[in-house]
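Printed here is final09.txt (compact mmCIF, N, CA and C atoms):
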```txt
# COMPACT_ATOMS: atom_id res chain seq x y z
N MET O 1 38.99 32.10 -12.57
CA MET O 1 37.78 31.79 -13.28
C MET O 1 36.59 31.98 -12.35
N GLY O 2 35.52 32.52 -12.89
CA GLY O 2 34.42 32.93 -12.05
C GLY O 2 33.38 31.88 -11.75
N GLY O 3 33.06 31.02 -12.68
CA GLY O 3 31.96 30.07 -12.46
C GLY O 3 30.63 30.72 -12.76
N VAL O 4 29.59 30.17 -12.20
CA VAL O 4 28.24 30.66 -12.46
C VAL O 4 27.95 31.81 -11.51
N PRO O 5 27.48 32.96 -12.05
CA PRO O 5 27.17 34.11 -11.19
C PRO O 5 26.13 33.75 -10.14
N GLY O 6 26.40 34.12 -8.92
CA GLY O 6 25.45 33.91 -7.84
C GLY O 6 25.26 32.46 -7.45
N GLY O 7 26.12 31.56 -7.92
CA GLY O 7 26.02 30.15 -7.57
C GLY O 7 24.70 29.52 -8.02
N ARG O 8 24.24 29.88 -9.19
CA ARG O 8 22.92 29.42 -9.65
C ARG O 8 23.02 28.20 -10.56
N ILE O 9 24.00 27.36 -10.33
CA ILE O 9 24.18 26.19 -11.18
C ILE O 9 22.96 25.28 -11.16
N ALA O 10 22.33 25.13 -10.01
CA ALA O 10 21.13 24.26 -9.92
C ALA O 10 20.00 24.82 -10.77
N ASP O 11 19.83 26.15 -10.77
CA ASP O 11 18.79 26.77 -11.60
C ASP O 11 19.05 26.53 -13.08
N ILE O 12 20.29 26.64 -13.47
CA ILE O 12 20.67 26.42 -14.87
C ILE O 12 20.44 24.96 -15.25
N ARG O 13 20.85 24.03 -14.38
CA ARG O 13 20.64 22.61 -14.64
C ARG O 13 19.16 22.30 -14.77
N ASN O 14 18.34 22.83 -13.86
CA ASN O 14 16.91 22.59 -13.90
C ASN O 14 16.30 23.12 -15.20
N TYR O 15 16.72 24.31 -15.61
CA TYR O 15 16.23 24.87 -16.87
C TYR O 15 16.62 23.96 -18.04
N CYS O 16 17.86 23.52 -18.06
CA CYS O 16 18.32 22.66 -19.16
C CYS O 16 17.54 21.35 -19.20
N GLU O 17 17.24 20.78 -18.05
CA GLU O 17 16.48 19.54 -18.02
C GLU O 17 15.09 19.74 -18.61
N THR O 18 14.41 20.83 -18.26
CA THR O 18 13.08 21.06 -18.81
C THR O 18 13.15 21.45 -20.28
N ASP O 19 14.22 22.10 -20.69
CA ASP O 19 14.40 22.44 -22.10
C ASP O 19 14.54 21.16 -22.93
N VAL O 20 15.30 20.20 -22.43
CA VAL O 20 15.45 18.92 -23.13
C VAL O 20 14.11 18.19 -23.20
N LEU O 21 13.35 18.22 -22.14
CA LEU O 21 12.02 17.59 -22.15
C LEU O 21 11.12 18.22 -23.21
N ASN O 22 11.10 19.54 -23.26
CA ASN O 22 10.30 20.22 -24.28
C ASN O 22 10.74 19.84 -25.68
N THR O 23 12.04 19.78 -25.90
CA THR O 23 12.56 19.41 -27.21
C THR O 23 12.15 17.99 -27.58
N TYR O 24 12.22 17.08 -26.63
CA TYR O 24 11.82 15.70 -26.89
C TYR O 24 10.34 15.61 -27.22
N LEU O 25 9.51 16.34 -26.49
CA LEU O 25 8.07 16.31 -26.75
C LEU O 25 7.74 16.90 -28.11
N ILE O 26 8.46 17.93 -28.52
CA ILE O 26 8.29 18.49 -29.86
C ILE O 26 8.69 17.46 -30.90
N TYR O 27 9.79 16.76 -30.66
CA TYR O 27 10.24 15.71 -31.58
C TYR O 27 9.17 14.62 -31.71
N LEU O 28 8.59 14.19 -30.59
CA LEU O 28 7.54 13.18 -30.64
C LEU O 28 6.35 13.66 -31.47
N ARG O 29 5.95 14.90 -31.27
CA ARG O 29 4.83 15.45 -32.03
C ARG O 29 5.17 15.51 -33.52
N PHE O 30 6.39 15.90 -33.84
CA PHE O 30 6.85 15.95 -35.23
C PHE O 30 6.78 14.57 -35.87
N GLU O 31 7.26 13.56 -35.15
CA GLU O 31 7.22 12.20 -35.68
C GLU O 31 5.78 11.71 -35.86
N LEU O 32 4.88 12.14 -34.97
CA LEU O 32 3.47 11.82 -35.12
C LEU O 32 2.91 12.46 -36.39
N MET O 33 3.23 13.74 -36.60
CA MET O 33 2.74 14.44 -37.78
C MET O 33 3.31 13.87 -39.07
N ARG O 34 4.54 13.37 -39.03
CA ARG O 34 5.17 12.77 -40.20
C ARG O 34 4.63 11.37 -40.48
N GLY O 35 3.93 10.80 -39.53
CA GLY O 35 3.41 9.45 -39.69
C GLY O 35 4.39 8.37 -39.28
N ARG O 36 5.49 8.75 -38.66
CA ARG O 36 6.47 7.77 -38.21
C ARG O 36 6.12 7.20 -36.84
N LEU O 37 5.19 7.85 -36.15
CA LEU O 37 4.61 7.32 -34.91
C LEU O 37 3.10 7.29 -35.09
N SER O 38 2.49 6.21 -34.69
CA SER O 38 1.03 6.16 -34.69
C SER O 38 0.53 6.96 -33.48
N PRO O 39 -0.73 7.33 -33.46
CA PRO O 39 -1.26 8.01 -32.27
C PRO O 39 -1.05 7.19 -30.99
N GLU O 40 -1.17 5.87 -31.12
CA GLU O 40 -0.97 5.00 -29.94
C GLU O 40 0.50 5.01 -29.49
N GLU O 41 1.41 4.97 -30.44
CA GLU O 41 2.84 5.01 -30.09
C GLU O 41 3.20 6.36 -29.47
N HIS O 42 2.65 7.42 -30.02
CA HIS O 42 2.89 8.76 -29.49
C HIS O 42 2.41 8.84 -28.05
N GLU O 43 1.19 8.38 -27.81
CA GLU O 43 0.64 8.42 -26.45
C GLU O 43 1.44 7.54 -25.50
N ARG O 44 1.90 6.40 -25.98
CA ARG O 44 2.71 5.52 -25.14
C ARG O 44 4.00 6.21 -24.72
N GLU O 45 4.65 6.89 -25.65
CA GLU O 45 5.89 7.63 -25.32
C GLU O 45 5.61 8.76 -24.35
N CYS O 46 4.53 9.49 -24.58
CA CYS O 46 4.17 10.57 -23.66
C CYS O 46 3.86 10.02 -22.27
N ALA O 47 3.19 8.88 -22.21
CA ALA O 47 2.88 8.25 -20.92
C ALA O 47 4.16 7.86 -20.19
N LEU O 48 5.15 7.39 -20.93
CA LEU O 48 6.44 7.05 -20.32
C LEU O 48 7.10 8.29 -19.73
N VAL O 49 7.04 9.39 -20.45
CA VAL O 49 7.62 10.64 -19.95
C VAL O 49 6.87 11.10 -18.71
N ARG O 50 5.54 11.06 -18.76
CA ARG O 50 4.75 11.46 -17.58
C ARG O 50 5.08 10.58 -16.37
N SER O 51 5.21 9.29 -16.60
CA SER O 51 5.54 8.36 -15.52
C SER O 51 6.90 8.69 -14.92
N TRP O 52 7.87 8.93 -15.79
CA TRP O 52 9.22 9.26 -15.33
C TRP O 52 9.21 10.57 -14.54
N LEU O 53 8.48 11.56 -15.04
CA LEU O 53 8.40 12.85 -14.34
C LEU O 53 7.79 12.68 -12.96
N GLY O 54 6.75 11.86 -12.87
CA GLY O 54 6.09 11.65 -11.60
C GLY O 54 6.96 10.93 -10.58
N ALA O 55 7.88 10.10 -11.08
CA ALA O 55 8.74 9.33 -10.18
C ALA O 55 10.08 9.99 -9.92
N ALA O 56 10.39 11.06 -10.63
CA ALA O 56 11.73 11.66 -10.55
C ALA O 56 12.02 12.28 -9.18
N GLY O 57 10.99 12.77 -8.51
CA GLY O 57 11.20 13.34 -7.18
C GLY O 57 11.92 14.67 -7.18
N LYS O 58 11.88 15.40 -8.30
CA LYS O 58 12.52 16.71 -8.38
C LYS O 58 11.41 17.75 -8.53
N PRO O 59 11.40 18.76 -7.67
CA PRO O 59 10.32 19.75 -7.72
C PRO O 59 10.12 20.39 -9.10
N HIS O 60 11.20 20.73 -9.77
CA HIS O 60 11.03 21.40 -11.06
C HIS O 60 10.43 20.47 -12.11
N LEU O 61 10.67 19.18 -11.98
CA LEU O 61 10.06 18.23 -12.91
C LEU O 61 8.59 17.99 -12.57
N GLY O 62 8.27 18.03 -11.28
CA GLY O 62 6.88 17.98 -10.87
C GLY O 62 6.09 19.17 -11.39
N GLU O 63 6.72 20.35 -11.35
CA GLU O 63 6.09 21.56 -11.88
C GLU O 63 5.90 21.43 -13.40
N PHE O 64 6.88 20.87 -14.08
CA PHE O 64 6.77 20.66 -15.52
C PHE O 64 5.59 19.75 -15.82
N LEU O 65 5.48 18.66 -15.08
CA LEU O 65 4.38 17.71 -15.27
C LEU O 65 3.04 18.38 -15.01
N ALA O 66 2.95 19.16 -13.95
CA ALA O 66 1.69 19.85 -13.63
C ALA O 66 1.31 20.83 -14.73
N ALA O 67 2.26 21.58 -15.26
CA ALA O 67 1.98 22.53 -16.34
C ALA O 67 1.58 21.79 -17.60
N TRP O 68 2.25 20.70 -17.90
CA TRP O 68 1.94 19.91 -19.10
C TRP O 68 0.53 19.33 -18.99
N THR O 69 0.19 18.78 -17.83
CA THR O 69 -1.11 18.20 -17.59
C THR O 69 -2.21 19.27 -17.68
N ALA O 70 -1.95 20.44 -17.10
CA ALA O 70 -2.94 21.53 -17.14
C ALA O 70 -3.16 22.01 -18.56
N GLY O 71 -2.11 22.01 -19.37
CA GLY O 71 -2.22 22.46 -20.75
C GLY O 71 -2.91 21.47 -21.66
N ALA O 72 -3.02 20.23 -21.22
CA ALA O 72 -3.61 19.19 -22.07
C ALA O 72 -5.13 19.25 -22.08
N GLY O 73 -5.73 19.95 -21.11
CA GLY O 73 -7.18 19.96 -21.00
C GLY O 73 -7.83 20.97 -21.82
```
Same coordinates, now as structure tokens:
Amino acid sequence: MGGVPGGRIADIRNYCETDVLNTYLIYLRFELMRGRLSPEEHERECALVRSWLGAAGKPHLGEFLAAWTAGAG
């Protein structure tokens, strides 16, 4: 059995982690649009994600946070 070509398991894991984050943020926005989250609840959840990203200590998550923050302006 071959495994991951070029030993890129960390790259794949990092991609999957950011993919899950994007999916969760889309879900939060969807719930906001449906009225199941108030704007305050939505912002509170996003703040929790931002806080977690800032404390995670993983470069790819820091990059995700920086891109998300830059896109918010």
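Proximity of O:Leu25, O:Val20, O:Ala66, O:Met33 to Cys46 (chain O), computed with only C-alpha atoms, is greatest for O:Leu25.
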> Could you pull out all residues of chain O with a DSSP call of helix (DSSP H, G or I) and give them as a PyMOL selection string?
Replying inline: chain O and resi 5-7+9-34+39-56+59-71
> Of the residues O:Tyr27, O:Arg34, O:Trp68, O:His42, which is the one nearest to Gly54 (chain O), using only C-alpha atoms?
Replying inline: O:Trp68
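Taking CA of Leu48 (chain O) and CA of Arg13 (chain O) as endpoints, the distance between them is 21.8 Å.
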> Rounded to one decimal in Å, what is the spacing between atom N of Ile12 (chain O) and atom C of Ala56 (chain O)?
Replying inline: 17.1 Å
For region 7-26 of chain O, write N, CA and C atoms out as a PDB file, in the first residue's frame.
```pdb
ATOM      1  N   GLY O   7       4.405  12.018   0.889  1.00  0.00           N
ATOM      2  CA  GLY O   7       4.328  12.229   2.326  1.00  0.00           C
ATOM      3  C   GLY O   7       3.647  13.536   2.703  1.00  0.00           C
ATOM      4  N   ARG O   8       2.608  13.891   1.991  1.00  0.00           N
ATOM      5  CA  ARG O   8       1.956  15.193   2.197  1.00  0.00           C
ATOM      6  C   ARG O   8       0.741  15.094   3.114  1.00  0.00           C
ATOM      7  N   ILE O   9       0.774  14.183   4.049  1.00  0.00           N
ATOM      8  CA  ILE O   9      -0.373  14.002   4.941  1.00  0.00           C
ATOM      9  C   ILE O   9      -0.684  15.275   5.728  1.00  0.00           C
ATOM     10  N   ALA O  10       0.334  15.997   6.152  1.00  0.00           N
ATOM     11  CA  ALA O  10       0.106  17.243   6.916  1.00  0.00           C
ATOM     12  C   ALA O  10      -0.607  18.278   6.052  1.00  0.00           C
ATOM     13  N   ASP O  11      -0.232  18.374   4.774  1.00  0.00           N
ATOM     14  CA  ASP O  11      -0.900  19.313   3.870  1.00  0.00           C
ATOM     15  C   ASP O  11      -2.368  18.954   3.696  1.00  0.00           C
ATOM     16  N   ILE O  12      -2.640  17.681   3.570  1.00  0.00           N
ATOM     17  CA  ILE O  12      -4.019  17.213   3.410  1.00  0.00           C
ATOM     18  C   ILE O  12      -4.819  17.492   4.678  1.00  0.00           C
ATOM     19  N   ARG O  13      -4.236  17.198   5.842  1.00  0.00           N
ATOM     20  CA  ARG O  13      -4.912  17.469   7.114  1.00  0.00           C
ATOM     21  C   ARG O  13      -5.205  18.956   7.265  1.00  0.00           C
ATOM     22  N   ASN O  14      -4.223  19.804   6.953  1.00  0.00           N
ATOM     23  CA  ASN O  14      -4.418  21.245   7.060  1.00  0.00           C
ATOM     24  C   ASN O  14      -5.539  21.719   6.144  1.00  0.00           C
ATOM     25  N   TYR O  15      -5.563  21.208   4.919  1.00  0.00           N
ATOM     26  CA  TYR O  15      -6.631  21.567   3.993  1.00  0.00           C
ATOM     27  C   TYR O  15      -7.989  21.148   4.550  1.00  0.00           C
ATOM     28  N   CYS O  16      -8.070  19.932   5.062  1.00  0.00           N
ATOM     29  CA  CYS O  16      -9.340  19.440   5.600  1.00  0.00           C
ATOM     30  C   CYS O  16      -9.802  20.289   6.781  1.00  0.00           C
ATOM     31  N   GLU O  17      -8.888  20.698   7.634  1.00  0.00           N
ATOM     32  CA  GLU O  17      -9.264  21.534   8.775  1.00  0.00           C
ATOM     33  C   GLU O  17      -9.847  22.859   8.310  1.00  0.00           C
ATOM     34  N   THR O  18      -9.231  23.498   7.319  1.00  0.00           N
ATOM     35  CA  THR O  18      -9.763  24.772   6.846  1.00  0.00           C
ATOM     36  C   THR O  18     -11.053  24.566   6.058  1.00  0.00           C
ATOM     37  N   ASP O  19     -11.191  23.437   5.394  1.00  0.00           N
ATOM     38  CA  ASP O  19     -12.431  23.135   4.688  1.00  0.00           C
ATOM     39  C   ASP O  19     -13.589  23.002   5.680  1.00  0.00           C
ATOM     40  N   VAL O  20     -13.347  22.343   6.797  1.00  0.00           N
ATOM     41  CA  VAL O  20     -14.374  22.204   7.831  1.00  0.00           C
ATOM     42  C   VAL O  20     -14.733  23.579   8.404  1.00  0.00           C
ATOM     43  N   LEU O  21     -13.748  24.412   8.630  1.00  0.00           N
ATOM     44  CA  LEU O  21     -14.021  25.767   9.129  1.00  0.00           C
ATOM     45  C   LEU O  21     -14.896  26.553   8.154  1.00  0.00           C
ATOM     46  N   ASN O  22     -14.570  26.494   6.879  1.00  0.00           N
ATOM     47  CA  ASN O  22     -15.386  27.183   5.878  1.00  0.00           C
ATOM     48  C   ASN O  22     -16.813  26.657   5.873  1.00  0.00           C
ATOM     49  N   THR O  23     -16.963  25.348   5.965  1.00  0.00           N
ATOM     50  CA  THR O  23     -18.298  24.751   5.979  1.00  0.00           C
ATOM     51  C   THR O  23     -19.078  25.215   7.201  1.00  0.00           C
ATOM     52  N   TYR O  24     -18.435  25.265   8.351  1.00  0.00           N
ATOM     53  CA  TYR O  24     -19.108  25.718   9.564  1.00  0.00           C
ATOM     54  C   TYR O  24     -19.529  27.178   9.448  1.00  0.00           C
ATOM     55  N   LEU O  25     -18.664  28.017   8.897  1.00  0.00           N
ATOM     56  CA  LEU O  25     -19.002  29.432   8.748  1.00  0.00           C
ATOM     57  C   LEU O  25     -20.154  29.626   7.761  1.00  0.00           C
ATOM     58  N   ILE O  26     -20.199  28.817   6.717  1.00  0.00           N
ATOM     59  CA  ILE O  26     -21.331  28.861   5.790  1.00  0.00           C
ATOM     60  C   ILE O  26     -22.601  28.442   6.505  1.00  0.00           C
TER      61      ILE O  26
END
```
